[in-house]
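With mmCIF, C-alpha atoms and all ligand atoms inside, this is work06.cif:
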data_final
#
loop_
_atom_site.label_atom_id
_atom_site.label_comp_id
_atom_site.auth_asym_id
_atom_site.auth_seq_id
_atom_site.Cartn_x
_atom_site.Cartn_y
_atom_site.Cartn_z
CA MET R 52 -3.52 6.46 -3.77
CA LYS R 53 -1.43 3.35 -3.47
CA THR R 54 2.19 3.78 -4.27
CA LYS R 55 3.24 1.00 -6.59
CA LYS R 56 5.66 -1.35 -4.95
CA THR R 57 8.33 -3.00 -7.01
CA LYS R 58 8.77 -6.63 -6.12
CA LYS R 59 12.16 -7.80 -4.97
CA TRP R 60 13.66 -11.22 -5.55
CA TYR R 61 12.83 -12.23 -1.99
CA ASP R 62 9.15 -11.57 -2.55
CA TYR R 63 9.08 -14.80 -4.50
CA LEU R 64 10.42 -17.05 -1.76
CA TRP R 65 6.91 -18.45 -1.31
CA ILE R 66 7.72 -20.49 -4.41
CA ALA R 67 10.63 -22.10 -2.58
CA SER R 68 8.38 -22.91 0.38
CA THR R 69 5.79 -24.51 -1.86
CA LEU R 70 8.44 -26.42 -3.77
CA TYR R 71 9.84 -27.71 -0.50
CA LEU R 72 6.54 -29.34 0.44
CA ILE R 73 6.13 -30.80 -3.03
CA LEU R 74 9.67 -32.19 -3.25
CA GLY R 75 9.27 -33.90 0.12
CA PHE R 76 6.34 -35.74 -1.34
CA PHE R 77 8.59 -37.33 -3.93
CA ASN R 78 11.84 -37.67 -2.07
CA ILE R 79 11.85 -37.28 1.66
CA LEU R 80 15.53 -36.43 1.80
CA PHE R 81 14.70 -32.94 0.50
CA ALA R 82 13.28 -32.33 3.96
CA TRP R 83 16.81 -31.60 5.14
CA LEU R 84 16.67 -28.31 3.26
CA GLY R 85 14.12 -27.18 5.84
CA LEU R 86 16.98 -26.65 8.26
CA LEU R 87 17.59 -23.41 6.37
CA CYS R 88 14.27 -22.12 7.75
CA PHE R 89 15.66 -22.74 11.22
CA PHE R 90 19.20 -21.53 10.96
CA ILE R 91 18.81 -18.46 8.78
CA PRO R 92 16.26 -16.69 11.03
CA LEU R 93 18.23 -17.71 14.10
CA MET R 94 21.51 -16.41 12.73
CA ILE R 95 19.94 -13.13 11.62
CA SER R 96 18.43 -12.53 15.04
CA ILE R 97 21.54 -13.56 16.94
CA ILE R 98 24.01 -11.64 14.80
CA LYS R 99 22.00 -8.62 13.70
CA GLY R 100 19.31 -8.51 16.36
CA THR R 101 16.48 -8.12 13.86
CA LYS R 102 13.58 -10.12 12.50
CA THR R 103 14.52 -9.45 8.91
CA TYR R 104 13.80 -13.08 8.10
CA CYS R 105 10.15 -12.72 9.11
CA ASN R 106 9.90 -9.21 7.74
CA LYS R 107 11.34 -10.01 4.33
CA TYR R 108 12.49 -13.50 3.50
CA CYS R 109 10.10 -16.00 5.01
CA GLY R 110 8.42 -17.86 2.16
CA ARG R 111 5.90 -19.47 4.44
CA GLY R 112 4.60 -16.12 5.63
CA GLN R 113 4.36 -15.01 2.00
CA LEU R 114 2.48 -18.16 1.09
CA PHE R 115 -0.17 -17.51 3.74
CA GLU R 116 -0.31 -13.87 2.67
CA LEU R 117 -0.95 -14.99 -0.89
CA LEU R 118 -3.48 -17.73 -0.16
CA GLY R 119 -5.35 -15.78 2.49
CA GLY R 120 -4.98 -12.39 0.84
CA ARG R 121 -4.92 -12.61 -2.94
CA PHE R 122 -6.89 -15.86 -3.12
CA GLY R 123 -9.24 -14.81 -0.36
CA LEU R 124 -9.03 -18.03 1.60
CA SER R 125 -9.30 -16.20 4.90
CA ARG R 126 -12.20 -14.89 6.97
CA ARG R 127 -9.98 -11.98 8.00
CA LYS R 128 -11.31 -12.01 11.54
CA ASP R 129 -9.39 -10.99 14.66
CA ILE R 130 -7.41 -13.74 16.30
CA PRO R 131 -8.79 -14.65 19.75
CA ARG R 132 -7.10 -12.89 22.65
CA TRP R 133 -5.66 -16.02 24.20
CA MET R 134 -3.85 -16.95 21.00
CA LYS R 135 -1.76 -13.81 21.08
CA SER R 136 -1.13 -13.99 24.82
CA LYS R 137 2.45 -14.55 25.91
CA ALA R 138 1.35 -17.65 27.80
CA PHE R 139 0.12 -19.33 24.63
CA ARG R 140 2.94 -18.13 22.40
CA TYR R 141 5.69 -19.16 24.80
CA GLY R 142 3.82 -22.32 25.72
CA PHE R 143 3.57 -23.32 22.08
CA LEU R 144 7.26 -22.58 21.61
CA ILE R 145 8.16 -24.90 24.48
CA PHE R 146 5.79 -27.60 23.26
CA PHE R 147 7.23 -27.32 19.77
CA PHE R 148 10.75 -27.71 21.04
CA ALA R 149 9.83 -30.64 23.23
CA MET R 150 8.43 -32.33 20.13
CA PHE R 151 11.52 -31.37 18.20
CA PHE R 152 13.78 -33.05 20.72
CA ILE R 153 11.67 -36.18 20.75
CA MET R 154 12.10 -36.22 16.98
CA LEU R 155 15.87 -35.90 17.39
CA TRP R 156 15.82 -38.71 19.92
CA ASN R 157 13.94 -40.97 17.51
CA THR R 158 16.51 -40.12 14.87
CA TYR R 159 19.29 -41.05 17.24
CA LEU R 160 17.64 -44.39 17.99
CA VAL R 161 17.66 -45.20 14.29
CA PHE R 162 21.26 -44.04 13.90
CA ALA R 163 22.24 -46.23 16.83
CA GLU R 164 20.37 -49.12 15.20
CA ILE R 165 18.17 -49.56 18.23
CA ASN R 166 15.01 -48.79 16.26
CA GLU R 167 14.04 -49.49 12.67
CA LEU R 168 13.37 -46.65 10.24
CA LYS R 169 9.69 -45.68 10.21
CA GLN R 170 8.68 -44.52 6.77
CA ALA R 171 5.81 -42.31 7.86
CA VAL R 172 5.00 -38.65 8.25
CA THR R 173 3.31 -37.76 11.52
CA LEU R 174 0.72 -35.03 11.22
CA LEU R 175 -0.14 -32.88 14.25
CA TRP R 176 2.06 -35.14 16.41
CA THR R 177 -0.66 -37.79 16.24
CA PHE R 178 -1.68 -39.05 12.85
CA LYS R 179 0.71 -41.33 11.00
CA LEU R 180 0.49 -40.89 7.26
CA PRO R 181 2.05 -43.49 4.96
CA TRP R 182 4.85 -41.85 3.05
CA HIS R 183 6.99 -44.80 1.92
CA TRP R 184 6.89 -43.76 -1.75
CA ALA R 185 9.15 -40.84 -0.95
CA TYR R 186 11.92 -43.06 0.35
CA HIS R 187 14.37 -44.51 -2.14
CA GLY R 188 17.09 -45.58 0.20
CA THR R 189 20.02 -43.60 1.43
CA LEU R 190 23.76 -43.90 1.04
CA PHE R 191 24.35 -43.34 4.70
CA SER R 192 22.54 -44.56 7.77
CA PRO R 193 18.73 -44.90 7.69
CA GLY R 194 18.92 -42.34 10.47
CA VAL R 195 19.43 -39.71 7.78
CA ALA R 196 16.04 -40.64 6.39
CA GLN R 197 14.49 -40.82 9.85
CA PHE R 198 15.48 -37.22 10.47
CA ALA R 199 14.03 -36.26 7.09
CA PHE R 200 10.69 -37.92 7.89
CA GLY R 201 10.68 -36.24 11.29
CA PHE R 202 11.57 -32.84 9.95
CA TYR R 203 9.08 -33.04 7.12
CA SER R 204 6.42 -33.97 9.69
CA ILE R 205 7.16 -30.76 11.56
CA MET R 206 7.04 -28.65 8.43
CA LEU R 207 3.81 -30.23 7.22
CA THR R 208 2.19 -29.96 10.63
CA SER R 209 3.02 -26.29 10.95
CA THR R 210 1.76 -25.65 7.42
CA VAL R 211 -1.54 -27.35 8.22
CA LEU R 212 -1.92 -25.40 11.47
CA GLY R 213 -1.04 -22.23 9.59
CA ILE R 214 -3.64 -22.91 6.91
CA VAL R 215 -6.34 -23.55 9.51
CA THR R 216 -5.68 -20.30 11.37
CA MET R 217 -5.27 -18.50 8.05
CA ALA R 218 -8.78 -19.59 7.08
CA LEU R 219 -10.27 -18.73 10.48
CA PHE R 220 -8.48 -15.47 11.22
CA LYS R 221 -6.15 -13.14 9.33
CA PRO R 222 -4.01 -14.59 6.51
CA ARG R 223 -0.76 -14.62 8.47
CA SER R 224 -2.21 -15.66 11.83
CA TRP R 225 0.41 -18.39 11.98
CA CYS R 226 3.01 -15.67 12.49
CA VAL R 227 1.41 -14.84 15.84
CA TYR R 228 2.33 -18.19 17.35
CA CYS R 229 5.01 -19.44 14.92
CA PRO R 230 7.82 -20.84 17.12
CA MET R 231 10.52 -19.37 14.90
CA GLY R 232 8.86 -15.97 14.98
CA THR R 233 8.43 -16.10 18.75
CA MET R 234 11.95 -17.30 19.31
CA THR R 235 13.62 -14.73 17.07
CA GLN R 236 11.56 -11.98 18.71
CA LEU R 237 12.69 -13.20 22.13
CA ILE R 238 16.31 -13.20 20.99
CA CYS R 239 15.91 -9.66 19.64
CA LYS R 240 14.26 -8.49 22.84
CA THR R 241 17.08 -9.92 24.91
CA LYS R 242 19.78 -8.61 22.65
CA ASN R 243 18.31 -5.13 22.32
CA LYS R 244 17.18 -4.77 25.90
CA TYR R 245 19.00 -1.53 26.47
CA VAL R 246 18.44 0.01 23.06
CA THR R 247 16.10 2.95 23.22
CA LYS R 248 13.39 3.78 20.73
CA SER R 249 14.35 5.12 17.37
CA LEU R 250 11.35 7.15 16.22
CA ASN R 251 8.31 8.55 17.96
CA LYS R 252 9.21 12.05 18.86
CA MET M 83 -7.13 20.09 13.14
CA LYS M 84 -8.04 16.46 13.64
CA LYS M 85 -5.89 13.77 12.09
CA ARG M 86 -6.07 10.01 12.05
CA LYS M 87 -2.95 8.04 13.01
CA ALA M 88 -2.17 4.38 13.53
CA VAL M 89 -1.47 3.36 17.12
CA ILE M 90 0.26 0.10 18.03
CA THR M 91 -0.01 -1.85 21.25
CA GLU M 92 3.69 -2.65 21.35
CA SER M 93 3.51 -5.17 24.15
CA GLU M 94 1.35 -7.45 22.00
CA CYS M 95 3.13 -6.94 18.69
CA VAL M 96 4.82 -10.05 17.30
CA ALA M 97 7.15 -8.09 14.99
CA CYS M 98 6.10 -10.04 11.90
CA GLY M 99 6.24 -7.02 9.63
CA CYS M 100 2.94 -7.59 7.79
CA CYS M 101 2.01 -3.99 8.50
CA VAL M 102 5.25 -2.69 6.95
CA LYS M 103 4.47 -4.44 3.69
CA VAL M 104 1.08 -2.82 3.20
CA CYS M 105 1.76 0.71 4.33
CA PRO M 106 1.53 3.04 1.30
CA LYS M 107 3.57 5.73 3.05
CA LYS M 108 6.44 3.71 4.50
CA ALA M 109 5.31 5.10 7.82
CA ILE M 110 5.62 1.92 9.81
CA SER M 111 8.68 -0.17 10.57
CA VAL M 112 9.72 -3.00 12.83
CA PHE M 113 12.14 -1.74 15.44
CA LYS M 114 14.98 -4.18 16.02
CA GLY M 115 12.83 -7.28 15.79
CA MET M 116 10.90 -6.27 18.91
CA TYR M 117 7.79 -4.39 17.83
CA ALA M 118 6.47 -2.17 15.07
CA GLU M 119 6.35 1.58 15.43
CA VAL M 120 4.63 4.33 13.51
CA ASN M 121 6.24 7.49 12.25
CA THR M 122 3.37 9.86 12.92
CA ASP M 123 4.81 12.46 10.54
CA LEU M 124 4.29 10.12 7.62
CA CYS M 125 1.20 8.17 8.67
CA ILE M 126 -2.02 9.23 6.95
CA GLY M 127 -4.27 7.01 9.05
CA CYS M 128 -5.48 4.92 6.11
CA GLY M 129 -5.83 1.80 8.25
CA ALA M 130 -4.21 -0.62 5.79
CA CYS M 131 -1.82 -1.85 8.48
CA MET M 132 -4.67 -2.31 10.93
CA LYS M 133 -6.53 -4.56 8.52
CA GLU M 134 -3.45 -6.65 7.80
CA CYS M 135 -2.00 -7.11 11.30
CA PRO M 136 -2.46 -10.82 12.17
CA ALA M 137 -2.34 -10.09 15.87
CA SER M 138 -4.79 -7.18 15.54
CA VAL M 139 -2.73 -4.87 17.70
CA ILE M 140 -3.10 -1.74 15.56
CA SER M 141 -5.90 0.78 15.79
CA VAL M 142 -6.40 4.07 14.04
CA GLU M 143 -7.19 6.90 16.38
CA VAL M 144 -8.05 10.54 15.97
CA PHE M 145 -5.63 13.08 17.37
CA GLU M 146 -5.99 16.80 17.79
CA TYR M 147 -3.13 18.73 16.21
CA GLU M 148 -2.26 22.37 16.63
CA ASP M 149 -3.30 24.12 13.44
CA LYS M 150 -0.08 26.09 13.11
CA GLU M 151 2.45 23.29 12.87
CA ASN M 152 0.96 21.32 10.03
S1 LIG B 301 6.62 -15.74 12.16
FE1 LIG B 301 7.21 -17.71 11.26
S2 LIG B 301 5.97 -17.95 9.44
FE2 LIG B 301 5.81 -15.83 10.08
S3 LIG B 301 7.35 -14.78 8.89
FE3 LIG B 301 8.33 -15.35 10.82
S4 LIG B 301 9.26 -17.35 10.49
FE4 LIG B 301 7.84 -16.96 8.81
S1 LIG B 302 -2.50 3.87 8.90
FE1 LIG B 302 -1.84 3.72 6.74
S2 LIG B 302 -0.23 5.26 6.55
FE2 LIG B 302 -0.52 4.92 8.74
S3 LIG B 302 0.98 3.37 9.26
FE3 LIG B 302 -0.91 2.28 8.81
S4 LIG B 302 -0.78 1.76 6.64
FE4 LIG B 302 0.78 3.33 7.03
S1 LIG B 303 1.52 -6.55 11.64
FE1 LIG B 303 0.92 -6.26 13.77
S2 LIG B 303 2.03 -7.82 14.92
FE2 LIG B 303 3.00 -7.66 12.90
S3 LIG B 303 4.67 -6.18 13.19
FE3 LIG B 303 2.90 -5.02 12.49
S4 LIG B 303 1.89 -4.34 14.38
FE4 LIG B 303 3.29 -5.97 14.95
#

Would it be possible to restate this file's structure as structure tokens?
Amino acid sequence: MKTKKTKKWYDYLWIASTLYLILGFFNILFAWLGLLCFFIPLMISIIKGTKTYCNKYCGRGQLFELLGGRFGLSRRKDIPRWMKSKAFRYGFLIFFFAMFFIMLWNTYLVFAEINELKQAVTLLWTFKLPWHWAYHGTLFSPGVAQFAFGFYSIMLTSTVLGIVTMALFKPRSWCVYCPMGTMTQLICKTKNKYVTKSLNK
Amino acid sequence: MKKRKAVITESECVACGCCVKVCPKKAISVFKGMYAEVNTDLCIGCGACMKECPASVISVEVFEYEDKEN
């Protein structure tokens, strides 16, 4: 009895997300495009007070949905209680931002010519992967490339975490603790604090 | 008459919208980026949303309805 759903253009944004990871493998400077995945959801939540980005446009969510759903790479088990607790979700958000600012600091150090550019991608904030083949020099400061390596590290790390929890739990388990998802929900909750419920008679 | 309807634990909902995508009746929506809510007039209690929800905060429960009004 399923009603057939017509796909919209934004249902294919998982292709963009996949392409992003692939392009960064060949030229790290593409990593800068990832800023879109930060600013678009933020702007939507700040201006409109909705999570339309998560609900419609997020290619990463779609990718997990596809891999875990259509391709069956998920056990489809319930996520453990603690992982959906506010403590863990907010804690992970804070941790993620702390790491983000350290990354920005490292970028600054390269811009200021205090440190040398490190041509590596850091996985899970620990493992340094060689990635020098993706660097072909930059017109500007090597700091531009340092930011790209740092940003790509974040994107790759969150993809890997997302794939692990996708396999263990439901396909889009990442969305439970995704920092962008948590942050935009917090913004919406703050912004819409005094808005009363729409439905539910 | 007994009817099955989806019930959401709003306080634990992450507002991802996975449930919205799978609902065959467009009975579920994310309210202002805060949590999902069910329109009980439309919901047929199929449980598709429950299976999909990554946070597992949906359950399908049986409710007793007055026979007269549908
Ligand atoms: S929670 Fe994160 S991964 Fe999931 S849809 Fe939102 S932004 Fe995308
Ligand atoms: S139980 Fe079925 S009809 Fe009801 S909200 Fe969930 S998916 Fe929609
Ligand atoms: S799938 Fe679950 S967590 Fe996501 S919006 Fe629906 S009820 Fe909330």

Fill in: Interatomic distance, CA of Ala199 (chain R) to CA of Phe81 (chain R) (Å, one decimal)
7.4 Å

Discussion item. Excluding Ala109 (chain M) and its own-chain neighbours fewer than 6 positions away, which residues fall within 6 Å of it when counting all atoms listed in the file? Please give them as a ChimeraX atom specification.
Written reply: /M:120-121,124-125

Near ligand LIG 302 (chain B), 10 Å: chain M residue rows, closest pairs, all atoms listed in the file, as CSV:
residue,atom,partner,partner_atom,distance
M:Arg86,CA,B:LIG302,S1,7.8
M:Lys87,CA,B:LIG302,FE2,5.8
M:Ala88,CA,B:LIG302,S1,4.7
M:Val89,CA,B:LIG302,S3,8.2
M:Ile90,CA,B:LIG302,S3,9.4
M:Cys101,CA,B:LIG302,S4,6.7
M:Val102,CA,B:LIG302,FE4,7.5
M:Lys103,CA,B:LIG302,S4,8.6
M:Val104,CA,B:LIG302,S4,6.0
M:Cys105,CA,B:LIG302,S4,3.6
M:Pro106,CA,B:LIG302,FE4,5.8
M:Lys107,CA,B:LIG302,S2,5.2
M:Lys108,CA,B:LIG302,FE4,6.2
M:Ala109,CA,B:LIG302,S3,4.9
M:Ile110,CA,B:LIG302,S3,4.9
M:Ser111,CA,B:LIG302,S3,8.6
M:Ala118,CA,B:LIG302,S3,9.7
M:Glu119,CA,B:LIG302,S3,8.4
M:Val120,CA,B:LIG302,S3,5.7
M:Asn121,CA,B:LIG302,S3,7.3
M:Thr122,CA,B:LIG302,FE2,7.6
M:Asp123,CA,B:LIG302,FE2,9.4
M:Leu124,CA,B:LIG302,S2,6.7
M:Cys125,CA,B:LIG302,FE2,3.7
M:Ile126,CA,B:LIG302,S2,4.4
M:Gly127,CA,B:LIG302,S1,3.6
M:Cys128,CA,B:LIG302,FE1,3.9
M:Gly129,CA,B:LIG302,S1,4.0
M:Ala130,CA,B:LIG302,S4,4.3
M:Cys131,CA,B:LIG302,S4,4.2
M:Met132,CA,B:LIG302,FE3,6.3
M:Lys133,CA,B:LIG302,S4,8.7
M:Glu134,CA,B:LIG302,S4,8.9
M:Cys135,CA,B:LIG302,FE3,9.8
M:Ile140,CA,B:LIG302,FE3,8.2
M:Ser141,CA,B:LIG302,S1,8.3
M:Val142,CA,B:LIG302,S1,6.5
M:Glu143,CA,B:LIG302,S1,9.3

Per residue of chain R within 6 Å of ligand LIG 301 (chain B), which atom pair is closest and at what distance in Å (one decimal), using all atoms listed in the file, listed by chain and increasing number, as a tab-separated table?
residue	atom	partner	partner_atom	distance
R:Cys105	CA	B:LIG301	S3	3.5
R:Cys109	CA	B:LIG301	FE4	4.5
R:Arg111	CA	B:LIG301	S2	5.2
R:Gly112	CA	B:LIG301	S2	4.4
R:Cys226	CA	B:LIG301	S1	3.6
R:Cys229	CA	B:LIG301	FE1	4.6
R:Met231	CA	B:LIG301	S4	5.0
R:Gly232	CA	B:LIG301	S1	3.6

Test item: chain R residues at most 6 Å from chain M, counting only C-alpha atoms, as an mmCIF file with C-alpha atoms, keeping the file's coordinate frame:
data_model
loop_
_atom_site.group_PDB
_atom_site.id
_atom_site.type_symbol
_atom_site.label_atom_id
_atom_site.label_comp_id
_atom_site.auth_asym_id
_atom_site.auth_seq_id
_atom_site.Cartn_x
_atom_site.Cartn_y
_atom_site.Cartn_z
ATOM 1 C CA LYS R 53 -1.430 3.350 -3.470
ATOM 2 C CA THR R 54 2.190 3.780 -4.270
ATOM 3 C CA THR R 101 16.480 -8.120 13.860
ATOM 4 C CA LYS R 102 13.580 -10.120 12.500
ATOM 5 C CA CYS R 105 10.150 -12.720 9.110
ATOM 6 C CA ASN R 106 9.900 -9.210 7.740
ATOM 7 C CA LYS R 221 -6.150 -13.140 9.330
ATOM 8 C CA ARG R 223 -0.760 -14.620 8.470
ATOM 9 C CA SER R 224 -2.210 -15.660 11.830
ATOM 10 C CA GLN R 236 11.560 -11.980 18.710
ATOM 11 C CA CYS R 239 15.910 -9.660 19.640
ATOM 12 C CA LYS R 240 14.260 -8.490 22.840
#

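Between ligand LIG 303 (chain B) and the residues R:Ile130, R:Leu87, R:Leu80, R:Leu72, the shortest atom-to-atom distance, using only C-alpha atoms and all ligand atoms, involves R:Ile130.
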
Fill in: Ile97 (chain R) environment, 9 Å, all atoms listed in the file, sequence neighbours closer than 6 positions dropped, as a ChimeraX atom specification
/R:235,238-239,242

Those same residues, written as a compact mmCIF listing (two decimals), in the frame of the given file with C-alpha atoms?
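Final output, selection_16.txt:
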# COMPACT_ATOMS: atom_id res chain seq x y z
CA THR R 235 13.62 -14.73 17.07
CA ILE R 238 16.31 -13.20 20.99
CA CYS R 239 15.91 -9.66 19.64
CA LYS R 242 19.78 -8.61 22.65

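The spacing separating CA of Ile153 (chain R) from CA of Leu86 (chain R) amounts to 16.6 Å.
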
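Atom pair CA of Ser68 (chain R) / CA of Gly188 (chain R) has a distance of 24.3 Å (rounded to one decimal).
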
Response to the item:
The residue from R:Gly110, R:Pro222, R:Pro230, R:Gly75 with the smallest atom-to-atom distance to ligand LIG 303 (chain B), counting all atoms listed in the file, is R:Pro222

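Proximity to ligand LIG 303 (chain B) was assessed for R:Trp176, R:Phe77, R:Phe162, R:Tyr228 counting all atoms listed in the file; the smallest distance is recorded for R:Tyr228.
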
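By chain and then residue number, the residues within 9 Å of Leu212 (chain R) are Leu175, Leu207, Met217 and Trp225 of chain R, counting all atoms listed in the file and disregarding those fewer than 5 positions away in sequence.
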